[in-house]
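Student: Coordinates in target.pdb, PDB, C-alpha atoms and all ligand atoms, are listed below.
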```pdb
ATOM      1  CA  MET A   1     131.809  81.943 123.437  1.00  0.00           C
ATOM      2  CA  SER A   2     131.547  79.715 120.399  1.00  0.00           C
ATOM      3  CA  GLN A   3     128.596  77.899 121.992  1.00  0.00           C
ATOM      4  CA  ILE A   4     126.275  80.842 121.389  1.00  0.00           C
ATOM      5  CA  ASN A   5     124.758  80.275 117.988  1.00  0.00           C
ATOM      6  CA  ASN A   6     121.270  81.220 117.041  1.00  0.00           C
ATOM      7  CA  ASN A   7     122.066  81.161 113.319  1.00  0.00           C
ATOM      8  CA  ALA A   8     121.041  84.790 113.108  1.00  0.00           C
ATOM      9  CA  GLY A   9     124.179  86.787 113.931  1.00  0.00           C
ATOM     10  CA  MET A  10     121.955  89.474 115.343  1.00  0.00           C
ATOM     11  CA  PRO A  11     121.947  90.901 118.837  1.00  0.00           C
ATOM     12  CA  ILE A  12     119.021  90.141 121.103  1.00  0.00           C
ATOM     13  CA  ALA A  13     117.359  93.404 122.088  1.00  0.00           C
ATOM     14  CA  LEU A  14     115.743  93.347 125.503  1.00  0.00           C
ATOM     15  CA  THR A  15     114.512  95.883 128.006  1.00  0.00           C
ATOM     16  CA  LEU A  16     115.597  94.648 131.416  1.00  0.00           C
ATOM     17  CA  GLU A  17     114.634  95.663 134.903  1.00  0.00           C
ATOM     18  CA  PRO A  18     117.373  96.206 137.494  1.00  0.00           C
ATOM     19  CA  GLY A  19     118.871  92.954 138.684  1.00  0.00           C
ATOM     20  CA  VAL A  20     121.467  90.271 138.160  1.00  0.00           C
ATOM     21  CA  TYR A  21     121.183  88.095 135.064  1.00  0.00           C
ATOM     22  CA  TYR A  22     123.004  85.054 133.730  1.00  0.00           C
ATOM     23  CA  ARG A  23     123.431  84.763 129.978  1.00  0.00           C
ATOM     24  CA  CYS A  24     123.262  81.120 128.809  1.00  0.00           C
ATOM     25  CA  ILE A  25     126.210  80.151 126.617  1.00  0.00           C
ATOM     26  CA  CYS A  26     125.592  76.411 126.298  1.00  0.00           C
ATOM     27  CA  GLY A  27     122.390  76.937 124.331  1.00  0.00           C
ATOM     28  CA  ARG A  28     120.426  74.300 126.246  1.00  0.00           C
ATOM     29  CA  SER A  29     118.443  76.589 128.513  1.00  0.00           C
ATOM     30  CA  GLU A  30     114.680  76.552 128.145  1.00  0.00           C
ATOM     31  CA  ASN A  31     114.726  80.210 129.137  1.00  0.00           C
ATOM     32  CA  LEU A  32     117.047  81.630 126.471  1.00  0.00           C
ATOM     33  CA  PRO A  33     118.864  83.916 126.393  1.00  0.00           C
ATOM     34  CA  PHE A  34     119.108  83.363 130.126  1.00  0.00           C
ATOM     35  CA  CYS A  35     120.578  80.422 131.975  1.00  0.00           C
ATOM     36  CA  ASP A  36     118.170  78.030 133.689  1.00  0.00           C
ATOM     37  CA  GLY A  37     120.879  75.814 135.209  1.00  0.00           C
ATOM     38  CA  TYR A  38     120.699  73.166 132.501  1.00  0.00           C
ATOM     39  CA  HIS A  39     124.473  73.437 131.892  1.00  0.00           C
ATOM     40  CA  GLN A  40     125.315  71.987 135.286  1.00  0.00           C
ATOM     41  CA  GLY A  41     127.817  69.214 134.917  1.00  0.00           C
ATOM     42  CA  GLY A  42     128.910  70.598 131.572  1.00  0.00           C
ATOM     43  CA  GLU A  43     131.907  72.709 130.668  1.00  0.00           C
ATOM     44  CA  HIS A  44     130.039  75.967 130.038  1.00  0.00           C
ATOM     45  CA  ILE A  45     129.527  78.604 132.672  1.00  0.00           C
ATOM     46  CA  PRO A  46     126.909  81.322 132.146  1.00  0.00           C
ATOM     47  CA  ILE A  47     127.962  84.964 131.994  1.00  0.00           C
ATOM     48  CA  ARG A  48     126.799  86.991 134.963  1.00  0.00           C
ATOM     49  CA  PHE A  49     125.856  90.594 134.324  1.00  0.00           C
ATOM     50  CA  GLU A  50     124.040  93.271 136.254  1.00  0.00           C
ATOM     51  CA  VAL A  51     121.582  95.925 135.182  1.00  0.00           C
ATOM     52  CA  LYS A  52     121.490  98.907 137.530  1.00  0.00           C
ATOM     53  CA  GLU A  53     118.403 100.608 136.148  1.00  0.00           C
ATOM     54  CA  ARG A  54     115.680  99.702 133.655  1.00  0.00           C
ATOM     55  CA  GLU A  55     117.274  99.865 130.240  1.00  0.00           C
ATOM     56  CA  ARG A  56     117.522  98.481 126.733  1.00  0.00           C
ATOM     57  CA  VAL A  57     120.396  96.025 126.235  1.00  0.00           C
ATOM     58  CA  TYR A  58     121.672  94.187 123.174  1.00  0.00           C
ATOM     59  CA  LEU A  59     122.955  90.707 123.991  1.00  0.00           C
ATOM     60  CA  CYS A  60     125.366  88.996 121.621  1.00  0.00           C
ATOM     61  CA  SER A  61     123.942  85.912 119.978  1.00  0.00           C
ATOM     62  CA  CYS A  62     126.741  85.133 117.522  1.00  0.00           C
ATOM     63  CA  GLY A  63     129.565  84.565 120.016  1.00  0.00           C
ATOM     64  CA  GLU A  64     131.924  87.018 118.265  1.00  0.00           C
ATOM     65  CA  SER A  65     131.613  89.989 120.594  1.00  0.00           C
ATOM     66  CA  ASN A  66     134.672  91.038 122.589  1.00  0.00           C
ATOM     67  CA  ASN A  67     132.371  92.529 125.196  1.00  0.00           C
ATOM     68  CA  GLN A  68     130.228  89.569 126.279  1.00  0.00           C
ATOM     69  CA  PRO A  69     127.392  89.290 127.014  1.00  0.00           C
ATOM     70  CA  TYR A  70     126.776  92.443 124.986  1.00  0.00           C
ATOM     71  CA  CYS A  71     126.929  92.833 121.219  1.00  0.00           C
ATOM     72  CA  ASP A  72     129.863  95.006 120.128  1.00  0.00           C
ATOM     73  CA  GLY A  73     129.051  95.078 116.426  1.00  0.00           C
ATOM     74  CA  ASN A  74     131.427  92.285 115.358  1.00  0.00           C
ATOM     75  CA  CYS A  75     128.375  90.574 113.849  1.00  0.00           C
ATOM     76  CA  GLY A  76     128.092  93.438 111.372  1.00  0.00           C
ATOM     77  CA  VAL A  77     125.117  95.086 113.036  1.00  0.00           C
ATOM     78  CA  GLU A  78     125.548  98.786 113.645  1.00  0.00           C
ATOM     79  CA  LEU A  79     124.196  99.698 117.019  1.00  0.00           C
ATOM     80  CA  SER A  80     122.981 103.156 117.847  1.00  0.00           C
ATOM     81  CA  THR A  81     125.448 105.228 119.844  1.00  0.00           C
ATOM     82  CA  ARG A  82     122.870 105.069 122.624  1.00  0.00           C
ATOM     83  CA  ALA A  83     122.979 101.283 122.806  1.00  0.00           C
ATOM     84  CA  ARG A  84     124.426  99.925 126.005  1.00  0.00           C
ATOM     85  CA  THR A  85     127.541  97.837 125.566  1.00  0.00           C
ATOM     86  CA  PRO A  86     129.410  98.302 128.833  1.00  0.00           C
ATOM     87  CA  ARG A  87     132.646  96.589 129.752  1.00  0.00           C
ATOM     88  CA  ILE A  88     132.164  94.027 132.482  1.00  0.00           C
TER      89      ILE A  88
HETATM   90  S1  LIG A 101     125.459  89.547 117.982  1.00  0.00           S
HETATM   91 FE1  LIG A 101     127.497  88.969 118.451  1.00  0.00          FE
HETATM   92  S2  LIG A 101     128.678  90.754 118.081  1.00  0.00           S
HETATM   93 FE2  LIG A 101     126.627  91.322 117.579  1.00  0.00          FE
END
```
Kindly transcribe the structure held in the file into structure tokens.
Ligand code: FES
Tutor:
Amino acid sequence: MSQINNNAGMPIALTLEPGVYYRCICGRSENLPFCDGYHQGGEHIPIRFEVKERERVYLCSCGESNNQPYCDGNCGVELSTRARTPRI
């Protein structure tokens, strides 16, 4: 996950509708933080994740999370106990 680098080290907070999403890890998407297919032909494969119901998610932007694509606090940010960081 070392390709994710927004120089912030902060999770990206989003409220997502139910559906399947692909988290860009190459950093070249024009639809960040989501993949737009720009990586094709490259070595990076986006991370697929699914949201079952409308909810707030915190996506890792530093590349240090052990629970990609979600932030797990390795960046130093303390997430609320209500934050969603499911295992995938
Ligand atoms: S943003 Fe990467 S662990 Fe929090």
Student: Give as a ChimeraX atom specification the residues that the PyMOL selection byres (((chain A and resi 39) around 10) and not hetatm) matches when applied to the coordinates above.
Tutor: /A:24-29,35-38,40-46
Student: May I have the residues within 8 Å of ligand LIG 101 (chain A), computed using all atoms listed in the file, as a list in words?
Tutor: Gly9, Met10, Pro11, Ile12, Tyr58, Leu59, Cys60, Ser61, Cys62, Gly63, Glu64, Ser65, Asn66, Tyr70, Cys71, Asp72, Gly73, Asn74, Cys75, Gly76 and Val77 of chain A
Student: Please, could you write that set of residues out with C-alpha atoms as a PDB file, keeping the file's coordinate frame?
Tutor:
```
ATOM      1  CA  GLY A   9     124.179  86.787 113.931  1.00  0.00           C
ATOM      2  CA  MET A  10     121.955  89.474 115.343  1.00  0.00           C
ATOM      3  CA  PRO A  11     121.947  90.901 118.837  1.00  0.00           C
ATOM      4  CA  ILE A  12     119.021  90.141 121.103  1.00  0.00           C
ATOM      5  CA  TYR A  58     121.672  94.187 123.174  1.00  0.00           C
ATOM      6  CA  LEU A  59     122.955  90.707 123.991  1.00  0.00           C
ATOM      7  CA  CYS A  60     125.366  88.996 121.621  1.00  0.00           C
ATOM      8  CA  SER A  61     123.942  85.912 119.978  1.00  0.00           C
ATOM      9  CA  CYS A  62     126.741  85.133 117.522  1.00  0.00           C
ATOM     10  CA  GLY A  63     129.565  84.565 120.016  1.00  0.00           C
ATOM     11  CA  GLU A  64     131.924  87.018 118.265  1.00  0.00           C
ATOM     12  CA  SER A  65     131.613  89.989 120.594  1.00  0.00           C
ATOM     13  CA  ASN A  66     134.672  91.038 122.589  1.00  0.00           C
ATOM     14  CA  TYR A  70     126.776  92.443 124.986  1.00  0.00           C
ATOM     15  CA  CYS A  71     126.929  92.833 121.219  1.00  0.00           C
ATOM     16  CA  ASP A  72     129.863  95.006 120.128  1.00  0.00           C
ATOM     17  CA  GLY A  73     129.051  95.078 116.426  1.00  0.00           C
ATOM     18  CA  ASN A  74     131.427  92.285 115.358  1.00  0.00           C
ATOM     19  CA  CYS A  75     128.375  90.574 113.849  1.00  0.00           C
ATOM     20  CA  GLY A  76     128.092  93.438 111.372  1.00  0.00           C
ATOM     21  CA  VAL A  77     125.117  95.086 113.036  1.00  0.00           C
TER      22      VAL A  77
END
```
Student: Name every residue that the PyMOL selection byres (((chain A and resi 16) around 6) and not hetatm) selects in this structure, writing the answer as a PyMOL selection string with chains first and numbers rising.
Tutor: chain A and resi 15+17+54-55
Student: Would you please work out which residue, of A:Pro33, A:Gln68, A:Glu53, A:Arg48, is nearest to Leu14 in chain A when using all atoms listed in the file?
Tutor: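 Smallest distance to Leu14 in chain A is found for A:Pro33.
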Student: In terms of the shortest atom-to-atom distance over all atoms listed in the file, which of A:Asn31, A:Leu79, A:Glu50, A:Asn67 is closest to Ala13 in chain A?
Tutor: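 Among the listed residues, A:Leu79 lies closest to Ala13 in chain A.
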Student: Once you've located range 34-53 of chain A in the structure I gave, write it as a PDB file, in the first residue's frame, keeping N, CA, C and O atoms.
Tutor:
```pdb
ATOM      1  N   PHE A  34     -11.293   6.991  -5.342  1.00  0.00           N
ATOM      2  CA  PHE A  34     -11.751   5.795  -6.036  1.00  0.00           C
ATOM      3  C   PHE A  34     -11.001   5.587  -7.347  1.00  0.00           C
ATOM      4  O   PHE A  34     -10.552   6.540  -7.985  1.00  0.00           O
ATOM      5  N   CYS A  35     -10.920   4.332  -7.737  1.00  0.00           N
ATOM      6  CA  CYS A  35     -10.257   3.957  -8.972  1.00  0.00           C
ATOM      7  C   CYS A  35     -11.106   4.373 -10.174  1.00  0.00           C
ATOM      8  O   CYS A  35     -12.333   4.253 -10.152  1.00  0.00           O
ATOM      9  N   ASP A  36     -10.460   4.877 -11.209  1.00  0.00           N
ATOM     10  CA  ASP A  36     -11.154   5.175 -12.460  1.00  0.00           C
ATOM     11  C   ASP A  36     -10.608   4.337 -13.611  1.00  0.00           C
ATOM     12  O   ASP A  36     -10.904   4.589 -14.766  1.00  0.00           O
ATOM     13  N   GLY A  37      -9.764   3.344 -13.286  1.00  0.00           N
ATOM     14  CA  GLY A  37      -9.218   2.453 -14.304  1.00  0.00           C
ATOM     15  C   GLY A  37      -7.888   2.923 -14.876  1.00  0.00           C
ATOM     16  O   GLY A  37      -7.317   2.253 -15.728  1.00  0.00           O
ATOM     17  N   TYR A  38      -7.392   4.049 -14.405  1.00  0.00           N
ATOM     18  CA  TYR A  38      -6.160   4.600 -14.950  1.00  0.00           C
ATOM     19  C   TYR A  38      -4.964   3.675 -14.745  1.00  0.00           C
ATOM     20  O   TYR A  38      -4.013   3.701 -15.522  1.00  0.00           O
ATOM     21  N   HIS A  39      -5.012   2.828 -13.718  1.00  0.00           N
ATOM     22  CA  HIS A  39      -3.885   1.953 -13.370  1.00  0.00           C
ATOM     23  C   HIS A  39      -3.652   0.863 -14.402  1.00  0.00           C
ATOM     24  O   HIS A  39      -2.625   0.202 -14.371  1.00  0.00           O
ATOM     25  N   GLN A  40      -4.606   0.632 -15.274  1.00  0.00           N
ATOM     26  CA  GLN A  40      -4.527  -0.532 -16.153  1.00  0.00           C
ATOM     27  C   GLN A  40      -3.210  -0.555 -16.905  1.00  0.00           C
ATOM     28  O   GLN A  40      -2.786   0.433 -17.470  1.00  0.00           O
ATOM     29  N   GLY A  41      -2.588  -1.728 -16.862  1.00  0.00           N
ATOM     30  CA  GLY A  41      -1.274  -1.880 -17.453  1.00  0.00           C
ATOM     31  C   GLY A  41      -0.170  -1.668 -16.446  1.00  0.00           C
ATOM     32  O   GLY A  41       0.974  -1.976 -16.703  1.00  0.00           O
ATOM     33  N   GLY A  42      -0.527  -1.162 -15.281  1.00  0.00           N
ATOM     34  CA  GLY A  42       0.447  -0.940 -14.220  1.00  0.00           C
ATOM     35  C   GLY A  42       0.449  -2.096 -13.247  1.00  0.00           C
ATOM     36  O   GLY A  42      -0.260  -3.081 -13.425  1.00  0.00           O
ATOM     37  N   GLU A  43       1.232  -1.981 -12.210  1.00  0.00           N
ATOM     38  CA  GLU A  43       1.366  -3.065 -11.239  1.00  0.00           C
ATOM     39  C   GLU A  43       0.362  -2.985 -10.090  1.00  0.00           C
ATOM     40  O   GLU A  43       0.236  -3.930  -9.324  1.00  0.00           O
ATOM     41  N   HIS A  44      -0.360  -1.890  -9.973  1.00  0.00           N
ATOM     42  CA  HIS A  44      -1.246  -1.690  -8.833  1.00  0.00           C
ATOM     43  C   HIS A  44      -2.673  -2.103  -9.148  1.00  0.00           C
ATOM     44  O   HIS A  44      -3.198  -1.792 -10.213  1.00  0.00           O
ATOM     45  N   ILE A  45      -3.263  -2.787  -8.200  1.00  0.00           N
ATOM     46  CA  ILE A  45      -4.635  -3.246  -8.343  1.00  0.00           C
ATOM     47  C   ILE A  45      -5.463  -2.564  -7.266  1.00  0.00           C
ATOM     48  O   ILE A  45      -5.091  -2.581  -6.089  1.00  0.00           O
ATOM     49  N   PRO A  46      -6.585  -1.949  -7.624  1.00  0.00           N
ATOM     50  CA  PRO A  46      -7.399  -1.263  -6.626  1.00  0.00           C
ATOM     51  C   PRO A  46      -7.975  -2.241  -5.610  1.00  0.00           C
ATOM     52  O   PRO A  46      -8.098  -3.433  -5.877  1.00  0.00           O
ATOM     53  N   ILE A  47      -8.327  -1.716  -4.451  1.00  0.00           N
ATOM     54  CA  ILE A  47      -8.905  -2.530  -3.383  1.00  0.00           C
ATOM     55  C   ILE A  47     -10.424  -2.454  -3.474  1.00  0.00           C
ATOM     56  O   ILE A  47     -11.006  -1.377  -3.359  1.00  0.00           O
ATOM     57  N   ARG A  48     -11.027  -3.611  -3.670  1.00  0.00           N
ATOM     58  CA  ARG A  48     -12.485  -3.686  -3.738  1.00  0.00           C
ATOM     59  C   ARG A  48     -13.042  -3.736  -2.322  1.00  0.00           C
ATOM     60  O   ARG A  48     -12.538  -4.473  -1.479  1.00  0.00           O
ATOM     61  N   PHE A  49     -14.087  -2.967  -2.075  1.00  0.00           N
ATOM     62  CA  PHE A  49     -14.787  -3.084  -0.802  1.00  0.00           C
ATOM     63  C   PHE A  49     -16.262  -2.793  -1.017  1.00  0.00           C
ATOM     64  O   PHE A  49     -16.646  -2.185  -2.004  1.00  0.00           O
ATOM     65  N   GLU A  50     -17.071  -3.299  -0.097  1.00  0.00           N
ATOM     66  CA  GLU A  50     -18.512  -3.197  -0.251  1.00  0.00           C
ATOM     67  C   GLU A  50     -19.118  -2.526   0.965  1.00  0.00           C
ATOM     68  O   GLU A  50     -18.736  -2.801   2.104  1.00  0.00           O
ATOM     69  N   VAL A  51     -20.071  -1.676   0.705  1.00  0.00           N
ATOM     70  CA  VAL A  51     -20.831  -1.005   1.761  1.00  0.00           C
ATOM     71  C   VAL A  51     -22.256  -1.553   1.682  1.00  0.00           C
ATOM     72  O   VAL A  51     -22.874  -1.512   0.625  1.00  0.00           O
ATOM     73  N   LYS A  52     -22.716  -2.109   2.792  1.00  0.00           N
ATOM     74  CA  LYS A  52     -24.029  -2.771   2.795  1.00  0.00           C
ATOM     75  C   LYS A  52     -25.184  -1.805   3.031  1.00  0.00           C
ATOM     76  O   LYS A  52     -26.293  -2.038   2.574  1.00  0.00           O
ATOM     77  N   GLU A  53     -24.915  -0.753   3.799  1.00  0.00           N
ATOM     78  CA  GLU A  53     -25.946   0.242   4.053  1.00  0.00           C
ATOM     79  C   GLU A  53     -25.271   1.604   4.143  1.00  0.00           C
ATOM     80  O   GLU A  53     -24.059   1.684   4.364  1.00  0.00           O
TER      81      GLU A  53
END
```
